[in-house]
$ cat start_4.cif   # mmCIF, C-alpha atoms
data_input
loop_
_atom_site.label_atom_id
_atom_site.label_comp_id
_atom_site.auth_asym_id
_atom_site.auth_seq_id
_atom_site.Cartn_x
_atom_site.Cartn_y
_atom_site.Cartn_z
CA MET A 217 9.41 -4.09 -28.58
CA SER A 218 12.11 -6.22 -26.99
CA LYS A 219 11.07 -8.24 -23.99
CA ASP A 220 13.07 -9.55 -21.13
CA PRO A 221 12.94 -13.35 -21.33
CA PHE A 222 12.14 -13.56 -17.61
CA THR A 223 10.05 -10.76 -16.10
CA ILE A 224 8.42 -10.47 -12.70
CA THR A 225 5.75 -7.78 -12.79
CA ILE A 226 4.16 -6.32 -9.70
CA HIS A 227 0.58 -5.57 -10.62
CA MET A 228 -1.94 -3.60 -8.66
CA VAL A 229 -5.22 -1.83 -9.14
CA SER A 230 -5.37 1.16 -6.87
CA SER A 231 -7.42 4.22 -6.05
CA LEU A 232 -5.75 7.62 -6.52
CA ASP A 233 -4.94 7.58 -2.82
CA GLY A 234 -3.06 4.28 -3.20
CA ILE A 235 -5.62 1.95 -1.68
CA ILE A 236 -6.04 -1.57 -3.08
CA ALA A 237 -8.73 -3.00 -0.80
CA LYS A 238 -11.61 -1.49 1.11
CA PRO A 239 -11.99 -2.37 4.78
CA ASP A 240 -14.96 -4.64 3.91
CA ASN A 241 -13.14 -6.19 0.90
CA SER A 242 -16.00 -5.18 -1.42
CA VAL A 243 -15.04 -4.80 -5.07
CA ALA A 244 -17.84 -2.70 -6.59
CA TRP A 245 -15.43 0.27 -6.81
CA PHE A 246 -13.57 -1.52 -9.61
CA GLU A 247 -16.54 -0.68 -11.82
CA THR A 248 -15.79 2.95 -12.55
CA LYS A 249 -18.64 5.19 -13.58
CA ASP A 250 -16.29 7.51 -15.38
CA HIS A 251 -15.82 8.17 -19.08
CA TYR A 252 -12.64 9.54 -20.59
CA GLU A 253 -13.26 10.25 -24.24
CA LYS A 254 -9.61 10.25 -25.28
CA GLY A 255 -8.88 6.93 -23.60
CA VAL A 256 -8.46 3.62 -25.38
CA SER A 257 -11.06 0.86 -25.07
CA GLU A 258 -10.58 -1.67 -22.32
CA PRO A 259 -8.22 -4.45 -23.32
CA ASP A 260 -9.59 -7.85 -24.23
CA THR A 261 -8.94 -9.37 -20.81
CA GLN A 262 -8.70 -12.95 -22.03
CA GLU A 263 -6.26 -11.97 -24.76
CA PHE A 264 -4.25 -9.92 -22.31
CA LEU A 265 -4.12 -12.52 -19.54
CA LYS A 266 -2.95 -15.33 -21.77
CA ASN A 267 0.52 -13.77 -21.84
CA ILE A 268 0.87 -14.36 -18.12
CA ASP A 269 2.26 -17.82 -17.41
CA CYS A 270 2.53 -17.70 -13.62
CA TYR A 271 0.99 -15.82 -10.69
CA VAL A 272 2.52 -15.18 -7.29
CA MET A 273 0.54 -13.87 -4.33
CA GLY A 274 0.59 -13.59 -0.56
CA SER A 275 -1.67 -15.56 1.73
CA ARG A 276 -4.25 -12.85 2.37
CA THR A 277 -4.57 -12.04 -1.31
CA TYR A 278 -5.13 -15.74 -1.86
CA GLU A 279 -7.77 -15.97 0.84
CA HIS A 280 -9.50 -12.94 -0.62
CA ALA A 281 -9.39 -14.51 -4.11
CA LEU A 282 -10.83 -17.76 -2.70
CA GLU A 283 -13.63 -15.81 -1.05
CA LEU A 284 -14.41 -13.93 -4.27
CA SER A 285 -14.32 -17.18 -6.24
CA ARG A 286 -17.50 -18.33 -4.45
CA ASN A 287 -19.47 -15.66 -6.32
CA TYR A 288 -17.34 -14.68 -9.29
CA GLY A 289 -15.23 -17.73 -10.04
CA TRP A 290 -11.49 -18.14 -9.61
CA ALA A 291 -9.83 -15.10 -11.17
CA TYR A 292 -6.56 -16.73 -12.21
CA GLY A 293 -7.82 -19.55 -14.40
CA GLU A 294 -5.60 -22.55 -15.07
CA VAL A 295 -2.38 -20.53 -14.75
CA PRO A 296 0.16 -21.94 -12.25
CA THR A 297 -0.11 -19.91 -9.04
CA PHE A 298 2.27 -19.79 -6.10
CA VAL A 299 0.97 -18.63 -2.74
CA LEU A 300 3.70 -17.55 -0.34
CA SER A 301 2.70 -18.60 3.13
CA HIS A 302 3.88 -20.26 6.28
CA ARG A 303 0.31 -21.24 7.00
CA ASN A 304 -1.50 -24.40 6.03
CA LEU A 305 -3.95 -22.88 3.55
CA PRO A 306 -6.71 -24.80 1.77
CA VAL A 307 -5.88 -25.74 -1.82
CA GLU A 308 -8.82 -26.34 -4.13
CA ARG A 309 -7.11 -26.34 -7.51
CA PRO A 310 -4.30 -28.46 -8.98
CA ASN A 311 -2.57 -25.36 -10.38
CA VAL A 312 -2.24 -23.68 -6.96
CA LYS A 313 0.82 -24.38 -4.82
CA ILE A 314 1.50 -23.11 -1.31
CA PHE A 315 5.17 -22.18 -1.08
CA ASN A 316 6.58 -22.02 2.43
CA GLY A 317 10.10 -20.78 1.93
CA ASP A 318 12.53 -18.12 0.92
CA LEU A 319 11.56 -15.66 -1.83
CA THR A 320 14.93 -15.92 -3.61
CA LYS A 321 14.58 -19.68 -3.67
CA LEU A 322 11.09 -19.38 -5.15
CA VAL A 323 12.40 -17.12 -7.90
CA ASP A 324 15.61 -19.03 -8.67
CA GLU A 325 14.31 -22.58 -8.40
CA ASN A 326 10.64 -22.39 -9.25
CA LEU A 327 9.96 -19.33 -11.37
CA LYS A 328 13.03 -18.58 -13.47
CA PRO A 329 13.52 -22.07 -14.91
CA ASN A 330 9.84 -22.51 -15.79
CA TYR A 331 8.16 -19.23 -16.67
CA ASN A 332 8.69 -16.01 -18.61
CA ASN A 333 5.97 -13.66 -17.58
CA VAL A 334 5.29 -13.84 -13.84
CA TRP A 335 2.74 -11.54 -12.22
CA MET A 336 2.85 -10.69 -8.54
CA VAL A 337 -0.71 -9.68 -7.73
CA GLY A 338 -0.52 -8.79 -4.01
CA GLY A 339 -0.34 -7.97 -1.29
CA ALA A 340 1.62 -5.04 0.05
CA ALA A 341 4.06 -7.01 2.23
CA LEU A 342 5.04 -9.35 -0.59
CA ALA A 343 5.44 -6.46 -3.06
CA LYS A 344 7.71 -4.79 -0.52
CA ALA A 345 9.82 -7.93 -0.23
CA PHE A 346 10.09 -8.24 -4.03
CA ILE A 347 11.17 -4.59 -4.34
CA LEU A 348 13.62 -4.60 -1.42
CA GLN A 349 15.22 -7.86 -2.54
CA LYS A 350 15.45 -6.52 -6.11
CA LEU A 351 13.56 -9.53 -7.44
CA ALA A 352 10.90 -7.68 -9.45
CA HIS A 353 11.49 -6.12 -12.85
CA GLU A 354 8.38 -4.08 -13.51
CA ILE A 355 5.44 -2.38 -11.82
CA ARG A 356 2.07 -1.94 -13.51
CA MET A 357 -0.23 0.24 -11.48
CA THR A 358 -3.76 0.80 -12.69
CA VAL A 359 -5.17 3.93 -11.08
CA LEU A 360 -8.95 4.17 -10.82
CA PRO A 361 -10.71 7.54 -10.82
CA ILE A 362 -11.69 7.44 -7.17
CA ILE A 363 -10.42 8.36 -3.73
CA LEU A 364 -11.30 5.51 -1.38
CA GLY A 365 -10.31 7.27 1.82
CA GLU A 366 -9.59 4.17 3.85
CA GLY A 367 -8.41 0.61 3.39
CA LEU A 368 -5.26 -1.30 2.63
CA HIS A 369 -2.47 0.71 1.03
CA PHE A 370 -0.44 -0.95 -1.65
CA PHE A 371 2.83 0.71 -0.81
CA ASP A 372 3.28 -0.05 2.81
CA HIS A 373 6.32 1.95 3.86
CA ILE A 374 8.87 0.41 1.51
CA GLY A 375 11.57 2.16 3.55
CA GLN A 376 14.01 2.49 0.70
CA GLU A 377 14.27 4.65 -2.41
CA GLN A 378 13.88 2.94 -5.77
CA ALA A 379 14.28 4.72 -9.11
CA LEU A 380 11.85 3.77 -11.88
CA HIS A 381 11.72 4.13 -15.63
CA LEU A 382 8.39 5.04 -17.18
CA LYS A 383 7.71 2.48 -19.89
CA GLU A 384 4.14 3.19 -20.94
CA VAL A 385 1.09 5.21 -19.93
CA THR A 386 -2.33 4.02 -21.04
CA PRO A 387 -5.52 5.93 -20.25
CA TYR A 388 -8.72 3.93 -20.76
CA LYS A 389 -12.19 5.08 -21.72
CA SER A 390 -13.36 4.03 -18.24
CA GLY A 391 -11.12 6.69 -16.65
CA MET A 392 -8.57 4.09 -15.50
CA VAL A 393 -4.92 4.93 -16.17
CA GLU A 394 -2.25 2.28 -16.36
CA LEU A 395 1.23 3.42 -15.31
CA TRP A 396 3.86 0.92 -16.36
CA TYR A 397 7.37 1.21 -14.95
CA GLU A 398 10.63 -0.69 -15.11
CA ILE A 399 12.39 -1.01 -11.79
CA ARG A 400 15.89 0.35 -12.31
CA LYS A 401 18.90 -1.75 -11.37
CA MET B 79 -12.61 23.61 -23.66
CA SER B 80 -15.05 25.26 -21.29
CA LYS B 81 -13.66 26.33 -17.97
CA ASP B 82 -15.32 26.82 -14.66
CA PRO B 83 -15.08 30.51 -13.82
CA PHE B 84 -13.94 29.73 -10.28
CA THR B 85 -11.76 26.65 -9.80
CA ILE B 86 -9.84 25.44 -6.79
CA THR B 87 -7.23 22.89 -7.85
CA ILE B 88 -5.40 20.65 -5.42
CA HIS B 89 -1.91 20.25 -6.85
CA MET B 90 0.74 17.84 -5.72
CA VAL B 91 3.94 16.31 -6.95
CA SER B 92 4.25 12.81 -5.62
CA SER B 93 6.31 9.66 -5.87
CA LEU B 94 4.57 6.50 -7.13
CA ASP B 95 4.09 5.50 -3.48
CA GLY B 96 2.21 8.75 -2.79
CA ILE B 97 4.94 10.59 -0.89
CA ILE B 98 5.27 14.36 -1.29
CA ALA B 99 8.16 15.14 1.06
CA LYS B 100 11.17 13.19 2.22
CA PRO B 101 11.87 13.01 5.94
CA ASP B 102 14.79 15.47 5.49
CA ASN B 103 12.74 17.78 3.21
CA SER B 104 15.36 17.48 0.46
CA VAL B 105 14.11 18.13 -3.06
CA ALA B 106 16.74 16.57 -5.34
CA TRP B 107 14.28 13.77 -6.18
CA PHE B 108 12.22 16.26 -8.19
CA GLU B 109 14.97 16.10 -10.81
CA THR B 110 14.12 12.81 -12.43
CA LYS B 111 16.86 10.99 -14.28
CA ASP B 112 14.34 9.23 -16.45
CA HIS B 113 13.54 9.61 -20.13
CA TYR B 114 10.23 8.68 -21.70
CA GLU B 115 10.52 9.04 -25.44
CA LYS B 116 6.79 9.29 -26.12
CA GLY B 117 6.25 12.01 -23.54
CA VAL B 118 5.72 15.66 -24.28
CA SER B 119 8.35 18.25 -23.45
CA GLU B 120 8.17 19.92 -20.05
CA PRO B 121 5.75 22.83 -20.04
CA ASP B 122 7.09 26.37 -20.06
CA THR B 123 6.74 26.83 -16.31
CA GLN B 124 6.42 30.62 -16.44
CA GLU B 125 3.76 30.39 -19.14
CA PHE B 126 1.95 27.70 -17.18
CA LEU B 127 2.09 29.44 -13.82
CA LYS B 128 0.74 32.73 -15.08
CA ASN B 129 -2.73 31.21 -15.29
CA ILE B 130 -2.75 30.75 -11.52
CA ASP B 131 -4.01 33.85 -9.77
CA CYS B 132 -3.96 32.68 -6.15
CA TYR B 133 -2.22 30.07 -4.01
CA VAL B 134 -3.46 28.50 -0.80
CA MET B 135 -1.25 26.43 1.49
CA GLY B 136 -0.98 25.12 5.02
CA SER B 137 1.49 26.40 7.57
CA ARG B 138 4.10 23.67 7.23
CA THR B 139 4.08 23.90 3.45
CA TYR B 140 4.63 27.63 3.90
CA GLU B 141 7.52 27.13 6.32
CA HIS B 142 9.07 24.64 3.92
CA ALA B 143 8.68 27.11 1.02
CA LEU B 144 10.26 29.86 3.15
CA GLU B 145 13.18 27.59 3.97
CA LEU B 146 13.65 26.66 0.29
CA SER B 147 13.43 30.35 -0.68
CA ARG B 148 16.79 30.98 1.06
CA ASN B 149 18.52 28.96 -1.65
CA TYR B 150 16.14 28.80 -4.56
CA GLY B 151 14.01 31.93 -4.26
CA TRP B 152 10.33 32.16 -3.40
CA ALA B 153 8.52 29.63 -5.60
CA TYR B 154 5.18 31.46 -5.86
CA GLY B 155 6.31 34.81 -7.27
CA GLU B 156 4.05 37.83 -6.87
CA VAL B 157 0.86 35.78 -6.86
CA PRO B 158 -1.43 36.40 -3.86
CA THR B 159 -0.93 33.56 -1.38
CA PHE B 160 -3.05 32.60 1.60
CA VAL B 161 -1.49 30.56 4.38
CA LEU B 162 -4.02 28.81 6.60
CA SER B 163 -2.69 28.88 10.13
CA HIS B 164 -3.58 29.57 13.72
CA ARG B 165 0.05 30.38 14.36
CA ASN B 166 1.80 33.70 14.16
CA LEU B 167 4.02 32.96 11.15
CA PRO B 168 6.63 35.33 9.74
CA VAL B 169 5.50 37.21 6.64
CA GLU B 170 8.25 38.47 4.36
CA ARG B 171 6.26 39.39 1.27
CA PRO B 172 3.36 41.79 0.68
CA ASN B 173 1.48 39.18 -1.37
CA VAL B 174 1.43 36.62 1.47
CA LYS B 175 -1.44 36.66 3.98
CA ILE B 176 -1.82 34.46 7.04
CA PHE B 177 -5.47 33.44 7.33
CA ASN B 178 -6.58 32.31 10.75
CA GLY B 179 -10.13 31.21 10.22
CA ASP B 180 -12.67 28.91 8.73
CA LEU B 181 -11.97 27.34 5.33
CA THR B 182 -15.48 28.02 3.97
CA LYS B 183 -15.08 31.66 4.96
CA LEU B 184 -11.74 31.83 3.16
CA VAL B 185 -13.31 30.42 0.02
CA ASP B 186 -16.54 32.44 0.07
CA GLU B 187 -15.18 35.79 1.22
CA ASN B 188 -11.59 35.87 0.03
CA LEU B 189 -11.14 33.54 -2.90
CA LYS B 190 -14.39 33.36 -4.85
CA PRO B 191 -14.95 37.13 -5.22
CA ASN B 192 -11.35 37.85 -6.25
CA TYR B 193 -9.80 34.95 -8.15
CA ASN B 194 -10.55 32.39 -10.85
CA ASN B 195 -7.78 29.87 -10.76
CA VAL B 196 -6.79 29.01 -7.20
CA TRP B 197 -4.14 26.38 -6.52
CA MET B 198 -3.94 24.55 -3.21
CA VAL B 199 -0.33 23.39 -3.04
CA GLY B 200 -0.23 21.48 0.28
CA GLY B 201 -0.18 19.93 2.64
CA ALA B 202 -2.05 16.72 3.31
CA ALA B 203 -4.27 17.98 6.14
CA LEU B 204 -5.45 21.00 4.18
CA ALA B 205 -6.10 18.92 1.06
CA LYS B 206 -8.16 16.57 3.20
CA ALA B 207 -10.20 19.48 4.55
CA PHE B 208 -10.80 20.84 1.04
CA ILE B 209 -11.95 17.42 -0.20
CA LEU B 210 -14.14 16.58 2.81
CA GLN B 211 -15.78 20.00 2.79
CA LYS B 212 -16.34 19.72 -1.00
CA LEU B 213 -14.54 23.00 -1.58
CA ALA B 214 -12.06 21.81 -4.23
CA HIS B 215 -12.98 21.26 -7.88
CA GLU B 216 -9.96 19.53 -9.35
CA ILE B 217 -6.91 17.45 -8.45
CA ARG B 218 -3.71 17.54 -10.49
CA MET B 219 -1.27 14.91 -9.34
CA THR B 220 2.15 14.77 -10.96
CA VAL B 221 3.65 11.33 -10.40
CA LEU B 222 7.43 11.07 -10.55
CA PRO B 223 9.15 7.85 -11.65
CA ILE B 224 10.43 6.93 -8.20
CA ILE B 225 9.45 5.07 -5.06
CA LEU B 226 10.57 7.16 -2.08
CA GLY B 227 9.83 4.57 0.56
CA GLU B 228 9.33 6.96 3.44
CA GLY B 229 8.16 10.48 4.09
CA LEU B 230 4.99 12.50 4.16
CA HIS B 231 2.03 10.99 2.31
CA PHE B 232 -0.18 13.33 0.36
CA PHE B 233 -3.40 11.46 1.00
CA ASP B 234 -3.53 11.18 4.72
CA HIS B 235 -6.49 8.94 5.42
CA ILE B 236 -9.22 11.02 3.78
CA GLY B 237 -11.74 8.74 5.50
CA GLN B 238 -14.44 9.19 2.87
CA GLU B 239 -15.00 7.98 -0.67
CA GLN B 240 -14.87 10.56 -3.44
CA ALA B 241 -15.57 9.78 -7.10
CA LEU B 242 -13.36 11.50 -9.68
CA HIS B 243 -13.58 12.20 -13.39
CA LEU B 244 -10.39 11.79 -15.40
CA LYS B 245 -9.92 15.02 -17.32
CA GLU B 246 -6.46 14.67 -18.84
CA VAL B 247 -3.36 12.48 -18.70
CA THR B 248 -0.02 13.99 -19.73
CA PRO B 249 3.18 11.98 -19.77
CA TYR B 250 6.37 14.08 -19.98
CA LYS B 251 9.73 13.27 -21.50
CA SER B 252 11.20 13.31 -17.99
CA GLY B 253 9.07 10.31 -17.02
CA MET B 254 6.67 12.44 -14.98
CA VAL B 255 2.95 11.78 -15.53
CA GLU B 256 0.31 14.34 -14.75
CA LEU B 257 -3.08 12.92 -13.78
CA TRP B 258 -5.77 15.57 -13.87
CA TYR B 259 -9.16 14.86 -12.29
CA GLU B 260 -12.38 16.69 -11.63
CA ILE B 261 -13.83 16.05 -8.22
CA ARG B 262 -17.38 14.85 -8.80
CA LYS B 263 -20.26 16.55 -7.06
#
$ encode --input "start_4.cif" --output "structure tokens"
Amino acid sequence: MSKDPFTITIHMVSSLDGIIAKPDNSVAWFETKDHYEKGVSEPDTQEFLKNIDCYVMGSRTYEHALELSRNYGWAYGEVPTFVLSHRNLPVERPNVKIFNGDLTKLVDENLKPNYNNVWMVGGAALAKAFILQKLAHEIRMTVLPIILGEGLHFFDHIGQEQALHLKEVTPYKSGMVELWYEIRK
Amino acid sequence: MSKDPFTITIHMVSSLDGIIAKPDNSVAWFETKDHYEKGVSEPDTQEFLKNIDCYVMGSRTYEHALELSRNYGWAYGEVPTFVLSHRNLPVERPNVKIFNGDLTKLVDENLKPNYNNVWMVGGAALAKAFILQKLAHEIRMTVLPIILGEGLHFFDHIGQEQALHLKEVTPYKSGMVELWYEIRK
């Protein structure tokens, strides 16, 4: 499989109704109680994650990750992580940088020269900016077998049509389905 | 595969961002320009549809279908169709009934005794009522390879969690993916 040398992937884990965070930010819903016999086994997360050489996230996603790190550890390991924010956020790790600037500048000056496989892990506003400014190449949406009913929607009124190309569909034994798309030029 | 003798299926065709109708109600986006090599061929629609022995829809879905029927014909053929509405809507076909009453009554008195395979084809408010009142058994969501950006969302703040069981995933050559769930009791 050929691979673009520089790829920005928008990644999200969502309920069937497109929600990525519950109002109380609890994460127990990630543990599905479903079983889909025909699905593949869950990927070896460590193996999978080691292909990612940079993370990008918005400030609220970062704050949420910091909060979760108190109980579950920091989810993004030693991988360089850029947090887009105009705010003065606490930084607790040497591999985390707060970036207070233009998205195009981040991509052209910080990401493209240094990384190949960049994952944008939230939130909705930043994903919207990446899509509207045509800066992202792929979307990987993992759909969990649940309707959450309320919370934060991933796609927050993008306001513009964007054609996609289906690249891969992977159903897992846990009932999760990963939909992997290329964003068409 | 065993089959529930009486099944109400909520069916929708949606963009990746969960939109089922564009603001102008145009339907050209249903014709995907994508190609997914590993997908299966499109189903024989006539063959597929003949398993459905009753449709249920809300009033605006009905009005939209009527409007489309001027150019494309009536999409639901001779199959008995119930339109839930308190309004006095025009009826142009003998197989269409306007039902002005309680949803449970519709299911218990009109659907259950007469049909096996009932499809609820829209819209969002009616789907919500079916889910909240635990009257639907399955959800089949066909995701098209596009972000629409604005329009009518299928899941309109359900307001309640609902666990699902993944029953089948079918990717098509056109880049459509059908996600088929059972609604857990």
$ closest_residue --input "start_4.cif" --among "B:Glu170, B:Glu187, B:Gly237, B:Gly151" --to "Ala203 (chain B)" --atoms "all atoms listed in the file"
B:Gly237
$ interface_residues --input "start_4.cif" --of "chain A" --to "chain B" --cutoff "7 Å" --atoms "all atoms listed in the file" --output "list of chain:residue names"
A:Asp233, A:Gly234, A:Asp250, A:Tyr252, A:Pro361, A:Ile362, A:Ile363, A:Leu364, A:Gly365, A:Glu366, A:Phe371, A:His373, A:Ile374, A:Gly375, A:Gln376, A:Glu377, A:Gln378, A:Ala379, A:Leu380, A:His381, A:Leu382, A:Lys383, A:Gly391
$ closest_residue --input "start_4.cif" --among "B:Asp102, B:Val134, B:Asn149, B:Leu167" --to "Leu181 (chain B)" --atoms "all atoms listed in the file"
B:Val134
$ atom_distance --input "start_4.cif" --atom1 "CA of Asp269 (chain A)" --atom2 "CA of Ala237 (chain A)"
24.8 Å
$ residues_around --input "start_4.cif" --residues "Val295 (chain A)" --least-positions-apart "5" --cutoff "9 Å" --atoms "all atoms listed in the file" --output "PyMOL selection string"
chain A and resi 266+268-271+311-312
$ atom_distance --input "start_4.cif" --atom1 "CA of Leu162 (chain B)" --atom2 "CA of Ile176 (chain B)"
6.1 Å
$ resolve_selection --input "start_4.cif" --expression "the PyMOL selection byres ((chain A and resi 331) around 12)" --output "JSON, numbers by chain"
{"A": [220, 221, 222, 223, 224, 267, 268, 269, 270, 271, 272, 295, 296, 297, 322, 323, 324, 325, 326, 327, 328, 329, 330, 332, 333, 334, 335]}
$ atom_distance --input "start_4.cif" --atom1 "CA of Ser301 (chain A)" --atom2 "CA of Glu283 (chain A)"
17.1 Å
$ closest_residue --input "start_4.cif" --among "A:Gly274, A:Tyr292, A:Asp318, A:Lys401" --to "Glu354 (chain A)" --atoms "only C-alpha atoms"
A:Lys401
$ decode --input "start_4.cif" --residues "region 107-193 of chain B" --atoms "C-alpha atoms" --output "mmCIF file, in the first residue's frame"
data_model
loop_
_atom_site.group_PDB
_atom_site.id
_atom_site.type_symbol
_atom_site.label_atom_id
_atom_site.label_comp_id
_atom_site.auth_asym_id
_atom_site.auth_seq_id
_atom_site.Cartn_x
_atom_site.Cartn_y
_atom_site.Cartn_z
ATOM 1 C CA TRP B 107 -25.396 13.734 -3.301
ATOM 2 C CA PHE B 108 -26.894 10.233 -3.113
ATOM 3 C CA GLU B 109 -24.984 9.480 -6.317
ATOM 4 C CA THR B 110 -21.529 8.988 -4.902
ATOM 5 C CA LYS B 111 -18.591 9.453 -7.223
ATOM 6 C CA ASP B 112 -16.460 7.176 -5.122
ATOM 7 C CA HIS B 113 -15.116 3.704 -5.813
ATOM 8 C CA TYR B 114 -14.135 1.227 -3.127
ATOM 9 C CA GLU B 115 -12.545 -1.769 -4.772
ATOM 10 C CA LYS B 116 -13.074 -4.162 -1.869
ATOM 11 C CA GLY B 117 -16.764 -3.335 -1.539
ATOM 12 C CA VAL B 118 -19.606 -5.523 -2.687
ATOM 13 C CA SER B 119 -21.759 -4.566 -5.649
ATOM 14 C CA GLU B 120 -24.885 -2.531 -4.970
ATOM 15 C CA PRO B 121 -27.799 -4.723 -3.953
ATOM 16 C CA ASP B 122 -30.578 -5.409 -6.432
ATOM 17 C CA THR B 123 -32.876 -2.729 -5.029
ATOM 18 C CA GLN B 124 -36.100 -4.377 -6.215
ATOM 19 C CA GLU B 125 -35.042 -7.706 -4.729
ATOM 20 C CA PHE B 126 -34.026 -6.004 -1.509
ATOM 21 C CA LEU B 127 -37.139 -3.868 -1.145
ATOM 22 C CA LYS B 128 -39.564 -6.721 -1.620
ATOM 23 C CA ASN B 129 -38.768 -7.966 1.878
ATOM 24 C CA ILE B 130 -40.233 -4.779 3.332
ATOM 25 C CA ASP B 131 -43.954 -5.102 3.864
ATOM 26 C CA CYS B 132 -44.729 -1.747 5.474
ATOM 27 C CA TYR B 133 -43.249 1.754 5.658
ATOM 28 C CA VAL B 134 -43.703 4.320 8.396
ATOM 29 C CA MET B 135 -42.678 7.951 8.025
ATOM 30 C CA GLY B 136 -43.251 11.396 9.465
ATOM 31 C CA SER B 137 -45.162 14.137 7.708
ATOM 32 C CA ARG B 138 -42.209 16.086 6.352
ATOM 33 C CA THR B 139 -40.550 12.956 5.015
ATOM 34 C CA TYR B 140 -43.860 12.210 3.297
ATOM 35 C CA GLU B 141 -44.114 15.695 1.808
ATOM 36 C CA HIS B 142 -40.540 15.411 0.579
ATOM 37 C CA ALA B 143 -41.293 11.998 -0.973
ATOM 38 C CA LEU B 144 -44.406 13.444 -2.651
ATOM 39 C CA GLU B 145 -42.360 16.303 -4.057
ATOM 40 C CA LEU B 146 -39.683 13.905 -5.361
ATOM 41 C CA SER B 147 -42.389 11.670 -6.864
ATOM 42 C CA ARG B 148 -43.197 14.421 -9.417
ATOM 43 C CA ASN B 149 -39.840 13.801 -11.080
ATOM 44 C CA TYR B 150 -38.691 10.394 -9.940
ATOM 45 C CA GLY B 151 -41.875 8.489 -9.156
ATOM 46 C CA TRP B 152 -43.145 7.372 -5.768
ATOM 47 C CA ALA B 153 -40.220 5.678 -4.008
ATOM 48 C CA TYR B 154 -42.236 3.235 -1.888
ATOM 49 C CA GLY B 155 -44.204 1.400 -4.582
ATOM 50 C CA GLU B 156 -47.372 -0.451 -3.613
ATOM 51 C CA VAL B 157 -46.179 -1.188 -0.085
ATOM 52 C CA PRO B 158 -48.588 -0.078 2.675
ATOM 53 C CA THR B 159 -47.296 3.188 4.126
ATOM 54 C CA PHE B 160 -48.306 4.938 7.323
ATOM 55 C CA VAL B 161 -47.667 8.653 7.671
ATOM 56 C CA LEU B 162 -47.708 9.887 11.254
ATOM 57 C CA SER B 163 -49.267 13.322 11.276
ATOM 58 C CA HIS B 164 -51.779 15.534 12.990
ATOM 59 C CA ARG B 165 -52.147 17.460 9.768
ATOM 60 C CA ASN B 166 -54.579 16.900 6.959
ATOM 61 C CA LEU B 167 -52.076 15.796 4.297
ATOM 62 C CA PRO B 168 -52.953 15.023 0.680
ATOM 63 C CA VAL B 169 -53.229 11.314 -0.090
ATOM 64 C CA GLU B 170 -52.703 10.317 -3.700
ATOM 65 C CA ARG B 171 -52.321 6.558 -3.359
ATOM 66 C CA PRO B 172 -54.585 3.848 -1.946
ATOM 67 C CA ASN B 173 -51.673 2.270 -0.034
ATOM 68 C CA VAL B 174 -50.899 5.467 1.915
ATOM 69 C CA LYS B 175 -52.667 6.117 5.223
ATOM 70 C CA ILE B 176 -52.357 9.199 7.402
ATOM 71 C CA PHE B 177 -52.269 8.088 11.036
ATOM 72 C CA ASN B 178 -53.182 10.735 13.569
ATOM 73 C CA GLY B 179 -52.606 9.043 16.871
ATOM 74 C CA ASP B 180 -50.353 7.493 19.422
ATOM 75 C CA LEU B 181 -47.212 5.664 18.254
ATOM 76 C CA THR B 182 -47.746 2.679 20.578
ATOM 77 C CA LYS B 183 -51.268 2.322 19.215
ATOM 78 C CA LEU B 184 -49.939 2.387 15.651
ATOM 79 C CA VAL B 185 -47.468 -0.358 16.476
ATOM 80 C CA ASP B 186 -49.784 -2.573 18.545
ATOM 81 C CA GLU B 187 -52.966 -2.234 16.515
ATOM 82 C CA ASN B 188 -51.826 -1.534 12.971
ATOM 83 C CA LEU B 189 -48.321 -2.824 12.463
ATOM 84 C CA LYS B 190 -47.776 -5.854 14.683
ATOM 85 C CA PRO B 191 -50.909 -7.793 13.645
ATOM 86 C CA ASN B 192 -50.380 -7.192 9.919
ATOM 87 C CA TYR B 193 -46.707 -6.927 9.006
#
